[in-house]
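Engineer: To be precise about what I am sending: the file is called structure39.txt and holds compact mmCIF, C-alpha atoms.
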```
# COMPACT_ATOMS: atom_id res chain seq x y z
CA MET R 625 0.00 0.00 0.00
CA LYS R 626 2.74 2.42 0.98
CA LYS R 627 4.63 1.59 -2.20
CA SER R 628 1.49 2.12 -4.32
CA PHE R 629 0.83 5.47 -2.68
CA ALA R 630 4.42 6.50 -3.25
CA ILE R 631 4.10 5.64 -6.95
CA LEU R 632 0.89 7.67 -7.17
CA VAL R 633 2.51 10.67 -5.45
CA PHE R 634 5.42 10.32 -7.83
CA PHE R 635 3.08 10.57 -10.82
CA PHE R 636 1.28 13.51 -9.20
CA THR R 637 4.60 15.33 -8.84
CA LEU R 638 5.59 14.38 -12.38
CA ILE R 639 2.36 15.78 -13.83
CA ILE R 640 2.96 19.08 -12.07
CA SER R 641 6.69 19.36 -12.69
CA THR R 642 6.47 18.53 -16.39
CA ASN R 643 3.21 20.44 -16.81
CA GLN R 644 1.73 17.48 -18.66
CA VAL R 645 -1.94 17.69 -19.53
CA TYR R 646 -3.21 14.52 -17.94
CA SER R 647 -6.63 14.72 -16.38
CA PHE R 648 -7.24 13.63 -12.86
CA GLY R 649 -9.08 10.65 -14.40
CA PHE R 650 -5.69 9.24 -15.41
CA LEU R 651 -4.37 9.57 -11.88
CA LYS R 652 -7.57 8.19 -10.36
CA GLU R 653 -7.58 5.09 -12.53
CA LEU R 654 -3.92 4.51 -11.76
CA GLY R 655 -4.60 4.99 -8.05
CA LYS R 656 -7.53 2.55 -8.07
CA GLY R 657 -5.43 0.02 -9.89
CA LEU R 658 -2.79 0.38 -7.21
CA GLY R 659 -5.35 0.01 -4.42
CA VAL R 660 -5.29 3.60 -3.11
CA ASP R 661 -8.51 4.47 -1.25
CA GLU R 662 -11.07 7.07 -2.45
CA LYS R 663 -10.37 9.55 0.36
CA THR R 664 -6.68 9.73 -0.51
CA LEU R 665 -7.53 10.10 -4.19
CA ASP R 666 -9.88 13.02 -3.40
CA LEU R 667 -7.10 14.74 -1.46
CA LEU R 668 -4.74 14.33 -4.42
CA ASP R 669 -7.46 15.69 -6.74
CA LYS R 670 -7.82 18.83 -4.60
CA GLY R 671 -4.06 19.25 -4.44
CA LEU R 672 -3.75 18.90 -8.20
CA LYS R 673 -6.43 21.56 -8.78
CA VAL R 674 -4.71 24.03 -6.46
CA VAL R 675 -1.31 23.53 -8.04
CA LYS R 676 -2.74 23.50 -11.54
CA SER R 677 -4.09 27.04 -11.00
CA LEU R 678 -0.46 28.12 -11.08
CA ALA R 679 0.15 26.43 -14.41
CA PRO R 680 1.27 28.69 -17.27
CA ILE R 681 -1.48 30.61 -19.08
CA GLY R 682 -1.88 29.51 -22.72
CA TYR R 683 -1.15 31.82 -25.66
CA GLU R 684 -4.80 32.12 -26.68
CA GLU R 685 -5.72 33.32 -23.20
CA GLU R 686 -2.62 35.54 -23.06
CA LYS R 687 -3.67 37.18 -26.34
CA ALA R 688 -7.22 37.78 -25.03
CA LEU R 689 -5.88 39.36 -21.83
CA GLY R 690 -3.34 41.41 -23.80
CA GLY R 691 -5.98 42.63 -26.25
CA ALA R 692 -8.16 43.96 -23.44
CA ILE R 693 -5.14 45.54 -21.70
CA ALA R 694 -4.12 47.15 -25.02
CA ILE R 695 -7.58 48.73 -25.30
CA GLU R 696 -7.09 50.09 -21.76
CA VAL R 697 -3.65 51.48 -22.70
CA PHE R 698 -5.21 53.49 -25.54
CA ARG R 699 -8.07 54.64 -23.29
CA ARG R 700 -5.78 55.89 -20.52
CA TYR R 701 -2.88 57.27 -22.53
CA GLY R 702 -4.46 59.53 -25.13
CA GLY R 703 -5.27 57.04 -27.87
CA MET R 704 -3.18 56.39 -30.94
CA TYR R 705 -0.79 59.05 -32.25
CA ASN R 706 -1.70 59.03 -35.91
CA ASP R 707 1.51 59.14 -37.91
CA ASP R 708 1.89 56.13 -40.18
CA LYS R 709 5.42 57.07 -41.27
CA LEU R 710 6.58 57.12 -37.65
CA LEU R 711 4.58 53.98 -36.81
CA LYS R 712 6.25 52.17 -39.69
CA TYR R 713 9.67 53.15 -38.35
CA VAL R 714 8.85 52.02 -34.79
CA THR R 715 7.24 48.79 -36.03
CA THR R 716 10.20 47.97 -38.26
CA VAL R 717 12.76 48.44 -35.47
CA GLY R 718 10.50 46.52 -33.07
CA ARG R 719 9.96 43.57 -35.39
CA ILE R 720 13.68 43.25 -36.15
CA ILE R 721 14.39 43.02 -32.42
CA ALA R 722 11.47 40.65 -31.75
CA SER R 723 12.67 38.30 -34.49
CA THR R 724 15.93 37.67 -32.62
CA SER R 725 14.34 37.51 -29.15
CA ASP R 726 13.77 34.39 -27.09
CA ARG R 727 10.12 34.39 -28.08
CA ALA R 728 10.28 34.99 -31.82
CA ASP R 729 7.44 32.56 -32.51
CA ILE R 730 4.63 35.00 -31.70
CA ASP R 731 3.50 38.13 -33.54
CA TYR R 732 4.41 41.53 -32.09
CA TYR R 733 2.40 44.72 -32.58
CA PHE R 734 3.58 48.30 -32.01
CA ALA R 735 1.81 51.60 -31.43
CA ILE R 736 2.64 55.22 -30.61
CA LEU R 737 0.50 56.79 -27.90
CA ASN R 738 -0.66 60.38 -28.11
CA ASN R 739 0.71 61.24 -24.68
CA LYS R 740 3.39 63.80 -23.86
CA GLU R 741 4.71 61.96 -20.80
CA SER R 742 7.73 59.71 -21.34
CA ASN R 743 6.51 56.15 -21.02
CA ALA R 744 6.39 52.77 -22.69
CA PHE R 745 4.33 49.66 -22.00
CA ALA R 746 4.08 46.02 -22.91
CA ALA R 747 0.92 43.97 -22.73
CA PRO R 748 0.88 40.17 -22.85
CA GLY R 749 0.40 38.62 -26.27
CA GLY R 750 2.94 40.85 -28.06
CA TYR R 751 1.55 44.41 -27.72
CA VAL R 752 4.19 47.17 -27.32
CA PHE R 753 3.50 50.88 -26.81
CA ILE R 754 5.68 53.97 -26.74
CA THR R 755 4.45 57.51 -26.07
CA ILE R 756 5.15 60.35 -28.48
CA GLY R 757 6.63 62.14 -25.45
CA LEU R 758 9.24 59.42 -25.01
CA LEU R 759 10.00 59.30 -28.75
CA LYS R 760 10.78 63.02 -28.65
CA THR R 761 13.39 62.51 -25.91
CA LEU R 762 15.36 59.85 -27.79
CA LYS R 763 18.62 60.72 -29.52
CA ASN R 764 19.20 57.79 -31.86
CA GLU R 765 17.81 54.51 -33.22
CA ALA R 766 19.87 52.41 -30.78
CA GLN R 767 18.05 54.15 -27.89
CA LEU R 768 14.69 53.43 -29.54
CA ALA R 769 15.81 49.81 -30.01
CA GLY R 770 16.80 49.63 -26.34
CA VAL R 771 13.40 50.91 -25.16
CA LEU R 772 11.44 48.57 -27.45
CA ALA R 773 13.71 45.64 -26.55
CA HIS R 774 13.09 46.30 -22.82
CA GLU R 775 9.32 46.07 -23.46
CA ILE R 776 9.77 42.95 -25.60
CA GLY R 777 11.74 41.54 -22.65
CA HIS R 778 8.63 41.91 -20.46
CA ILE R 779 6.70 39.86 -23.03
CA THR R 780 9.32 37.15 -23.51
CA GLY R 781 9.74 36.97 -19.73
CA LYS R 782 5.92 36.78 -19.36
CA HIS R 783 6.25 39.24 -16.48
CA THR R 784 2.65 40.47 -16.43
CA LEU R 785 1.34 36.90 -16.58
CA LYS R 786 3.60 35.89 -13.70
CA ALA R 787 2.31 38.82 -11.65
CA LEU R 788 -1.25 37.81 -12.51
CA GLN R 789 -0.68 34.19 -11.54
CA ARG R 790 0.48 35.33 -8.12
CA SER R 791 -2.61 37.46 -7.55
CA LYS R 792 -5.19 36.43 -4.99
CA ARG R 793 -7.86 36.83 -7.65
CA LEU R 794 -6.88 33.49 -9.14
CA SER R 795 -6.63 31.51 -5.92
CA GLY R 796 -9.08 28.65 -6.22
CA VAL R 797 -9.39 29.09 -9.99
CA SER R 798 -8.30 25.75 -11.38
CA GLU R 799 -8.22 26.63 -15.08
CA LEU R 800 -7.82 29.97 -16.85
CA THR R 801 -9.13 28.97 -20.25
CA LEU R 802 -11.04 31.11 -22.73
CA THR R 803 -14.06 28.84 -22.25
CA ALA R 804 -13.95 29.42 -18.50
CA LEU R 805 -13.46 33.18 -18.96
CA ASP R 806 -16.27 33.35 -21.53
CA LYS R 807 -18.58 31.84 -18.94
CA ASN R 808 -17.41 34.29 -16.31
CA PRO R 809 -16.94 37.78 -17.87
CA LYS R 810 -16.89 39.31 -14.39
CA LEU R 811 -13.75 37.33 -13.58
CA PHE R 812 -12.16 38.49 -16.87
CA SER R 813 -13.10 42.09 -16.13
CA ASN R 814 -11.67 41.85 -12.59
CA ILE R 815 -8.45 40.31 -13.89
CA ILE R 816 -8.02 43.20 -16.36
CA LYS R 817 -8.64 45.71 -13.55
CA ASP R 818 -5.99 44.00 -11.38
CA VAL R 819 -3.45 43.85 -14.19
CA THR R 820 -3.95 47.44 -15.34
CA LYS R 821 -3.63 48.64 -11.74
CA LYS R 822 -0.36 46.73 -11.50
CA LEU R 823 0.95 48.03 -14.84
CA PHE R 824 -0.22 51.63 -14.71
CA ASP R 825 -0.22 52.48 -11.00
CA GLU R 826 1.98 50.14 -8.98
CA GLY R 827 4.47 48.83 -11.51
CA LEU R 828 5.85 45.34 -11.89
CA ASP R 829 8.34 43.91 -9.38
CA GLN R 830 11.71 45.66 -9.50
CA SER R 831 13.39 42.33 -10.31
CA MET R 832 11.25 42.09 -13.45
CA GLU R 833 12.27 45.58 -14.54
CA TYR R 834 15.94 44.77 -14.06
CA GLU R 835 15.47 41.52 -15.97
CA ALA R 836 13.74 43.40 -18.82
CA ASP R 837 16.69 45.84 -18.87
CA SER R 838 19.13 42.97 -19.18
CA LEU R 839 17.03 41.22 -21.85
CA GLY R 840 16.55 44.53 -23.63
CA VAL R 841 20.27 45.10 -23.99
CA GLU R 842 20.75 41.50 -25.13
CA TYR R 843 17.98 41.60 -27.77
CA ALA R 844 18.96 45.03 -29.14
CA SER R 845 22.56 43.87 -29.51
CA ARG R 846 21.49 40.63 -31.20
CA ALA R 847 19.66 42.79 -33.72
CA GLY R 848 22.94 44.65 -34.29
CA TYR R 849 22.27 47.84 -32.31
CA ASN R 850 24.69 49.45 -29.91
CA PRO R 851 24.11 47.78 -26.49
CA LYS R 852 24.47 51.22 -24.86
CA GLY R 853 21.16 52.32 -26.41
CA LEU R 854 19.03 51.52 -23.36
CA SER R 855 21.46 53.01 -20.84
CA GLY R 856 21.79 56.07 -23.11
CA PHE R 857 18.02 56.55 -22.93
CA LEU R 858 18.08 56.08 -19.14
CA GLU R 859 20.74 58.80 -18.88
CA VAL R 860 18.41 61.15 -20.77
CA LEU R 861 15.55 60.09 -18.51
CA LYS R 862 17.61 60.85 -15.41
CA VAL R 863 17.94 64.43 -16.58
CA ILE R 864 14.22 64.65 -17.34
CA HIS R 865 13.29 63.27 -13.90
CA GLY R 866 12.42 66.22 -11.75
CA LYS R 867 11.46 68.36 -14.71
CA GLU R 868 8.67 66.13 -15.92
CA GLU R 869 5.72 64.56 -14.09
CA SER R 870 5.36 61.00 -15.31
CA VAL R 871 3.92 57.89 -13.76
CA PHE R 872 6.96 56.16 -15.27
CA PHE R 873 9.10 57.20 -12.30
CA LYS R 874 6.56 55.69 -9.89
CA THR R 875 6.25 52.37 -11.71
CA HIS R 876 9.96 51.76 -12.42
CA PRO R 877 13.02 51.36 -10.17
CA ASP R 878 15.28 54.33 -9.58
CA THR R 879 16.85 55.33 -12.92
CA SER R 880 20.38 55.66 -11.49
CA SER R 881 20.20 52.11 -10.08
CA ARG R 882 19.10 50.79 -13.46
CA ILE R 883 22.00 52.50 -15.22
CA GLN R 884 24.48 51.23 -12.62
CA LYS R 885 23.21 47.64 -12.87
CA LEU R 886 23.59 47.74 -16.64
CA LYS R 887 27.11 49.15 -16.34
CA ASP R 888 28.12 46.58 -13.70
CA ASN R 889 26.38 43.43 -14.87
CA VAL R 890 25.34 43.63 -18.50
CA LEU R 891 27.47 45.94 -20.64
CA PRO R 892 30.90 44.50 -19.65
CA LYS R 893 30.19 41.34 -21.65
CA PHE R 894 30.18 43.32 -24.90
CA LYS R 895 33.55 44.11 -26.44
CA ASN R 896 34.28 47.16 -28.59
CA LEU R 897 31.01 48.89 -27.68
CA ASN R 898 31.76 51.76 -30.00
CA SER R 899 31.80 49.45 -33.01
CA TYR R 900 28.03 48.91 -32.80
CA PRO R 901 25.86 51.45 -34.67
CA LEU R 902 23.75 54.12 -32.98
CA LEU R 903 22.09 55.19 -36.25
CA SER R 904 21.58 58.79 -35.16
CA LYS R 905 21.28 60.15 -38.70
CA ARG R 906 18.47 57.82 -39.78
CA PHE R 907 16.69 58.44 -36.49
CA ASN R 908 16.92 62.22 -36.83
CA ASN R 909 15.81 62.12 -40.47
CA THR R 910 12.77 60.01 -39.63
CA THR R 911 11.72 61.87 -36.49
CA SER R 912 12.68 65.49 -37.32
CA HIS R 913 9.02 66.41 -37.93
CA ILE R 914 7.99 65.69 -34.32
CA ARG R 915 10.66 67.87 -32.69
CA MET T 677 6.81 -3.70 -13.00
CA LYS T 678 9.46 -1.45 -11.48
CA SER T 679 11.36 -1.13 -14.74
CA PHE T 680 8.08 -0.34 -16.54
CA PHE T 681 7.50 2.68 -14.27
CA VAL T 682 11.11 3.77 -14.56
CA LEU T 683 10.73 3.69 -18.36
CA ILE T 684 7.47 5.72 -18.31
CA ILE T 685 8.95 8.30 -15.92
CA PHE T 686 12.04 8.62 -18.12
CA ILE T 687 9.93 9.12 -21.29
CA LEU T 688 7.75 11.76 -19.61
CA SER T 689 10.65 13.62 -18.05
CA VAL T 690 12.81 13.95 -21.14
CA PRO T 691 11.06 16.08 -23.78
CA SER T 692 13.35 15.09 -26.63
CA PHE T 693 16.55 13.30 -27.41
CA ALA T 694 17.90 16.14 -29.49
CA THR T 695 21.64 16.26 -29.86
CA SER T 696 23.62 19.48 -29.62
CA GLU T 697 23.84 19.60 -33.44
CA THR T 698 20.07 19.85 -33.92
CA LEU T 699 18.64 23.35 -34.31
CA TYR T 700 15.13 24.69 -34.95
CA VAL T 701 14.03 27.78 -36.85
CA LYS T 702 12.62 30.35 -34.38
CA SER T 703 10.32 32.31 -36.68
CA SER T 704 8.85 31.90 -40.15
CA LYS T 705 10.51 33.33 -43.25
CA THR T 706 14.00 32.65 -41.93
CA LYS T 707 16.54 32.80 -44.74
CA ILE T 708 19.29 30.29 -45.39
CA LYS T 709 21.96 31.91 -47.56
CA GLU T 710 24.62 30.45 -49.79
CA ASP T 711 27.33 32.37 -47.98
CA LYS T 712 27.78 34.60 -44.91
CA ALA T 713 28.17 37.69 -47.09
CA PRO T 714 25.19 40.06 -46.65
CA LYS T 715 24.14 40.01 -50.29
CA SER T 716 24.68 36.31 -50.81
CA SER T 717 21.85 34.49 -52.62
CA VAL T 718 19.06 32.82 -50.68
CA VAL T 719 19.11 29.03 -50.70
CA ALA T 720 15.87 28.48 -48.76
CA VAL T 721 13.27 30.39 -46.75
CA LEU T 722 12.11 28.27 -43.84
CA ASN T 723 9.13 28.10 -41.56
CA LYS T 724 9.15 28.25 -37.79
CA GLY T 725 9.99 24.94 -36.14
CA VAL T 726 11.90 23.45 -39.08
CA LYS T 727 14.66 21.12 -37.92
CA LEU T 728 18.20 21.82 -39.08
CA GLU T 729 21.50 20.09 -38.68
CA GLN T 730 24.32 22.32 -37.48
CA LEU T 731 27.51 21.88 -39.51
CA GLU T 732 29.75 24.79 -38.55
CA LYS T 733 29.79 28.03 -36.55
CA SER T 734 31.36 31.27 -37.67
CA GLY T 735 30.75 34.56 -35.87
CA LYS T 736 27.08 35.51 -36.10
CA PHE T 737 26.33 32.73 -38.57
CA ILE T 738 25.83 28.98 -38.46
CA LYS T 739 26.22 26.65 -41.42
CA VAL T 740 23.24 24.33 -41.50
CA LYS T 741 21.73 21.48 -43.53
CA THR T 742 17.99 21.11 -44.11
CA ALA T 743 16.15 17.78 -44.04
CA ASP T 744 16.16 17.69 -47.86
CA GLY T 745 19.89 18.29 -48.06
CA LYS T 746 20.09 22.03 -48.76
CA ILE T 747 23.18 23.60 -47.16
CA GLY T 748 23.65 27.26 -46.29
CA TRP T 749 24.30 29.87 -43.61
CA VAL T 750 21.72 31.22 -41.13
CA PHE T 751 21.92 34.23 -38.78
CA LYS T 752 22.52 32.54 -35.42
CA PHE T 753 19.77 34.42 -33.57
CA LYS T 754 17.15 33.02 -35.96
CA VAL T 755 17.62 29.46 -34.69
CA THR T 756 17.38 27.79 -31.34
CA LYS T 757 18.27 24.48 -29.74
CA LYS T 758 14.81 24.37 -28.13
CA LYS T 759 12.01 23.14 -30.36
CA PRO T 760 9.39 25.90 -30.71
CA LYS T 761 5.71 25.07 -30.25
CA GLY T 762 3.86 24.44 -33.50
CA GLY T 763 5.27 24.91 -36.98
CA GLY T 764 7.62 22.50 -38.67
CA ASN T 765 6.52 22.69 -42.32
CA LEU T 766 9.70 22.91 -44.28
CA PHE T 767 9.43 25.80 -46.69
CA SER T 768 7.88 29.22 -46.53
CA SER T 769 7.70 31.83 -49.27
CA LEU T 770 10.00 30.19 -51.82
CA THR T 771 7.36 27.52 -52.34
CA GLY T 772 4.44 29.88 -51.95
CA GLY T 773 3.35 28.46 -48.61
CA SER T 774 1.53 30.60 -46.08
CA GLY T 775 4.28 30.09 -43.52
CA ILE T 776 1.69 29.29 -40.91
CA SER T 777 0.82 25.70 -40.21
CA LYS T 778 -2.60 24.72 -38.90
CA GLU T 779 -1.04 23.82 -35.57
CA GLU T 780 0.94 27.05 -35.43
CA SER T 781 -2.11 29.15 -36.13
CA SER T 782 -3.83 27.76 -33.08
CA THR T 783 -0.96 27.37 -30.66
CA GLY T 784 2.18 29.09 -31.79
CA GLY T 785 1.55 32.79 -31.96
CA SER T 786 -0.50 33.71 -34.97
CA ILE T 787 -3.94 34.18 -33.49
CA ARG T 788 -5.02 37.29 -35.30
CA GLY T 789 -7.63 39.83 -34.33
CA LEU T 790 -9.07 40.75 -31.00
CA SER T 791 -10.86 37.92 -29.24
CA LYS T 792 -14.58 38.20 -28.57
CA ILE T 793 -14.01 38.42 -24.83
CA SER T 794 -11.68 41.44 -25.29
CA LYS T 795 -14.24 43.22 -27.49
CA ASP T 796 -17.05 42.37 -25.03
CA TYR T 797 -14.91 43.79 -22.23
CA ALA T 798 -14.56 47.11 -24.10
CA LYS T 799 -18.31 47.23 -24.71
CA ASP T 800 -19.19 46.43 -21.08
CA GLU T 801 -16.73 49.05 -19.82
CA GLY T 802 -18.10 51.68 -22.21
CA ILE T 803 -14.70 52.14 -23.90
CA LYS T 804 -14.83 54.21 -27.10
CA LYS T 805 -14.73 52.35 -30.41
CA GLU T 806 -11.67 54.35 -31.47
CA HIS T 807 -9.57 52.60 -28.81
CA VAL T 808 -10.71 49.16 -29.97
CA ASP T 809 -9.99 50.22 -33.56
CA ALA T 810 -6.52 51.39 -32.49
CA VAL T 811 -5.70 47.86 -31.28
CA LEU T 812 -7.01 46.44 -34.55
CA LYS T 813 -4.83 48.92 -36.46
CA MET T 814 -1.65 47.94 -34.63
CA GLU T 815 -2.47 44.25 -35.23
CA THR T 816 -2.91 44.73 -38.96
CA PHE T 817 -0.21 47.35 -39.59
CA LYS T 818 1.89 46.11 -42.49
CA VAL T 819 5.63 46.33 -43.02
CA SER T 820 6.74 43.94 -45.76
CA ASP T 821 9.64 41.52 -45.41
CA GLU T 822 11.38 43.30 -48.28
CA GLU T 823 11.09 46.65 -46.47
CA ILE T 824 12.49 45.15 -43.26
CA ASP T 825 15.33 43.55 -45.19
CA LYS T 826 16.20 46.84 -46.93
CA PHE T 827 16.01 48.68 -43.58
CA MET T 828 18.50 46.23 -42.05
CA GLN T 829 20.84 46.47 -45.03
CA GLU T 830 20.83 50.28 -44.98
CA GLY T 831 21.56 50.38 -41.24
CA ASN T 832 24.06 47.50 -41.28
CA ILE T 833 22.09 45.75 -38.59
CA GLY T 834 20.67 42.25 -38.04
CA GLU T 835 22.29 39.72 -40.33
CA TYR T 836 23.89 42.61 -42.25
CA GLY T 837 25.75 43.87 -39.19
CA GLY T 838 29.51 43.74 -38.81
```
Kindly return the structure encoded in the file as structure tokens.
Structural biologist:
Amino acid sequence: MKKSFAILVFFFTLIISTNQVYSFGFLKELGKGLGVDEKTLDLLDKGLKVVKSLAPIGYEEEKALGGAIAIEVFRRYGGMYNDDKLLKYVTTVGRIIASTSDRADIDYYFAILNNKESNAFAAPGGYVFITIGLLKTLKNEAQLAGVLAHEIGHITGKHTLKALQRSKRLSGVSELTLTALDKNPKLFSNIIKDVTKKLFDEGLDQSMEYEADSLGVEYASRAGYNPKGLSGFLEVLKVIHGKEESVFFKTHPDTSSRIQKLKDNVLPKFKNLNSYPLLSKRFNNTTSHIR
Amino acid sequence: MKSFFVLIIFILSVPSFATSETLYVKSSKTKIKEDKAPKSSVVAVLNKGVKLEQLEKSGKFIKVKTADGKIGWVFKFKVTKKKPKGGGNLFSSLTGGSGISKEESSTGGSIRGLSKISKDYAKDEGIKKEHVDAVLKMETFKVSDEEIDKFMQEGNIGEYGG
């Protein structure tokens, strides 16, 4: 009996650790076959449901959540800045970076927000936003690449989804599928409210921001841009801080700490930093009309 | 009995038996070129998930062999040792394929358009149509592969970088 129970627990652990999609029916049949009693099987069933609520959210669900968050981004940050020439430039740089990222197998979408504050956002499912205010502060294409790559880093790192999975809202929810959300629009609505509060008011965990910085430098350099692009933008931002009111400073770690971490931990691995292009001329030519 | 369980556990725990020489294409429309030189001719354009055999490494490029024996160089950041979800059809645009397999379109990252639940959310929250339309615009905004390629060439970035 003890041996049978141990085997069952082993399978239970295996299902969770490998994130396999076996139903409890599989475990129950195995347990019955091994002579495990009903009460013990019920306990394992409850345990599996609790742990399964922490299982990764599927892409289809991620895209649905991201789509609703994207709508909220436009609502709160001035809507779309209508300039197709500029949007094409941002989208091109963004897609080049995304294609070399660690999550190149999903589509990425880019938009410019009609908001004068310096800010940028990422929503799950591949949505990336940059404000016209931030675009105006940038000095070259490598800085733009750094900012977009940082946001892409939030998506490849699934940072918003990880924050969501830790929220109390989902405790007791065994499955976050589109079918389940369709049946419970109130839950969907509450999840979006929680996530937007996190993104727009509180900010993600500092560790996630630092990770996105590190990934941002990596992805921008893979795409061939100067790895100093992101830190160059942060230097500009440091000067702006104090002169400009932006929620960015509330939702991100201290700018000086971010620059220092990049200088200490990320940039030293790149040799001959000055050999990478900044592409200032192309940037200035493309963005001169917004200055 | 014991060895049976050990075998099952081993099969479930190890996702693949890929060797270090096996690579997979990360995203569709990945080019395999005859040489590492930026303007070298294209040997094949591959879909996401296509399996490649690694032959040689050189700087930012890897010499690879396709399943049907084509040999060429690929930008190293376009391939991965980890098999991506979905995809796997061999050729993309050179053979006129869509580049999106049935499996990929449902699991791998090409679910297009806002989902019904996202649109319903906007309606229930009284969000203006222009904001929903803005999301639709960013999802459908087109930049062609040729334009992206030219952009990279002009800036000496991506696979055209030094």
Engineer: Quick check, in Å to one decimal: how far apart do atom CA of Lys804 of chain T and atom CA of Ile695 of chain R lie?
Structural biologist: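 Separating atom CA of Lys804 of chain T from atom CA of Ile695 of chain R is a distance of 9.3 Å.
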Engineer: Segment 848-862 of chain R: which residues within 6 Å, counting all atoms listed in the file, same-chain residues fewer than 6 positions away excluded, as a PDB file with C-alpha atoms, keeping the file's coordinate frame?
Structural biologist:
```
ATOM      1  CA  ALA R 766      19.870  52.410 -30.780  1.00  0.00           C
ATOM      2  CA  GLN R 767      18.050  54.150 -27.890  1.00  0.00           C
ATOM      3  CA  GLY R 770      16.800  49.630 -26.340  1.00  0.00           C
ATOM      4  CA  VAL R 771      13.400  50.910 -25.160  1.00  0.00           C
ATOM      5  CA  VAL R 841      20.270  45.100 -23.990  1.00  0.00           C
ATOM      6  CA  ILE R 883      22.000  52.500 -15.220  1.00  0.00           C
ATOM      7  CA  TYR R 900      28.030  48.910 -32.800  1.00  0.00           C
ATOM      8  CA  PRO R 901      25.860  51.450 -34.670  1.00  0.00           C
ATOM      9  CA  LEU R 902      23.750  54.120 -32.980  1.00  0.00           C
TER      10      LEU R 902
ATOM     11  CA  ILE T 833      22.090  45.750 -38.590  1.00  0.00           C
ATOM     12  CA  GLY T 834      20.670  42.250 -38.040  1.00  0.00           C
ATOM     13  CA  GLY T 837      25.750  43.870 -39.190  1.00  0.00           C
TER      14      GLY T 837
END
```
Engineer: So that I can check the surroundings of segment 713-722 of chain R, please list as an MDAnalysis selection string every protein, DNA and RNA residue that reaches within 7 Å of it, counting all atoms listed in the file and ignoring chain neighbours fewer than 4 positions away.
Structural biologist: (chainID R and resid 709 728 732 734 769 772:773 776 843:844 847) or (chainID T and resid 819 824)
Engineer: Write a file of the selected residues as a tab-separated table (two decimals), in the frame of the given file, keeping C-alpha atoms.
Structural biologist:
```tsv
chain	number	residue	atom	x	y	z
R	709	LYS	CA	5.42	57.07	-41.27
R	728	ALA	CA	10.28	34.99	-31.82
R	732	TYR	CA	4.41	41.53	-32.09
R	734	PHE	CA	3.58	48.30	-32.01
R	769	ALA	CA	15.81	49.81	-30.01
R	772	LEU	CA	11.44	48.57	-27.45
R	773	ALA	CA	13.71	45.64	-26.55
R	776	ILE	CA	9.77	42.95	-25.60
R	843	TYR	CA	17.98	41.60	-27.77
R	844	ALA	CA	18.96	45.03	-29.14
R	847	ALA	CA	19.66	42.79	-33.72
T	819	VAL	CA	5.63	46.33	-43.02
T	824	ILE	CA	12.49	45.15	-43.26
```
Engineer: Which polymer residues have any atom within 6 Å of an atom of segment 735-749 of chain R, counting only C-alpha atoms, with same-chain residues fewer than 3 positions away left out, as number ranges by chain?
Structural biologist: R: 686-687, 690, 701-705, 752-758, 775, 779, 870, 872; T: 814
Engineer: What separation in Å, quoted to one decimal, exists between atom CA of His865 of chain R and atom CA of Leu710 of chain R?
Structural biologist: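 According to the coordinates, atom CA of His865 of chain R and atom CA of Leu710 of chain R are separated by 25.4 Å.
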Engineer: I need the chain T residues near chain R as a PyMOL selection string; criterion: at most 6 Å, counting all atoms listed in the file.
Structural biologist: chain T and resi 702-703+753-754+785+790-791+794+807-808+814-815+833-834+837
Engineer: To one decimal place, how far is atom CA of Glu835 of chain R from atom CA of Asn898 of chain R in Å?
Structural biologist: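 Here the two named atoms are 23.8 Å from each other.
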Engineer: When you look at Val819 of chain R with a cut-off of 9 Å (counting only C-alpha atoms), what residues show up, excluding the ones that are within fewer than 4 positions of it in the same chain? I need them as a list in words.
Structural biologist: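 Close residues of Val819 of chain R: Ile693, Thr784, Leu785, Ala787, Leu788, Asn814, Ile815, Leu823 and Phe824 of chain R.
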Engineer: Neighbours of Val701 of chain T within 6 Å (all atoms listed in the file; same-chain residues fewer than 2 positions away dropped), as a list in words?
Structural biologist: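 Neighbouring residues, sequence-local ones excluded: Ser703, Lys724, Gly725, Val726 and Val755 of chain T.
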Engineer: Identify the residues around (26.3, 31.9, -31.8) within a radius of 7 Å, measuring from only C-alpha atoms in the coordinates stated by the file, and give them as a list in words.
Structural biologist: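 Returned residue set, sorted by chain then number, is Gly735, Lys736, Phe737 and Lys752 of chain T.
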Engineer: Once you add 8 Å to each side, what are the centre and edge lengths of the axis-aligned box holding all listed atoms of segment 795-802 of chain R? One decimal in Å, as AutoDock Vina command-line options, if you can.
Structural biologist:
```
--center_x -8.8 --center_y 28.6 --center_z -14.3 --size_x 20.4 --size_y 21.8 --size_z 32.8
```
Engineer: Could you model N, CA and C atoms for segment 802-806 of chain T and present them as a compact mmCIF listing (two decimals), in the frame of the given file?
Structural biologist:
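Dumped to part01.txt:
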```txt
# COMPACT_ATOMS: atom_id res chain seq x y z
N GLY T 802 -17.74 50.43 -21.55
CA GLY T 802 -18.10 51.68 -22.21
C GLY T 802 -16.90 52.37 -22.85
N ILE T 803 -15.91 51.58 -23.28
CA ILE T 803 -14.70 52.14 -23.90
C ILE T 803 -15.01 52.52 -25.35
N LYS T 804 -14.54 53.70 -25.74
CA LYS T 804 -14.83 54.21 -27.10
C LYS T 804 -14.33 53.25 -28.18
N LYS T 805 -15.07 53.22 -29.29
CA LYS T 805 -14.73 52.35 -30.41
C LYS T 805 -13.34 52.67 -30.96
N GLU T 806 -12.97 53.97 -30.90
CA GLU T 806 -11.67 54.35 -31.47
C GLU T 806 -10.50 53.63 -30.80
```
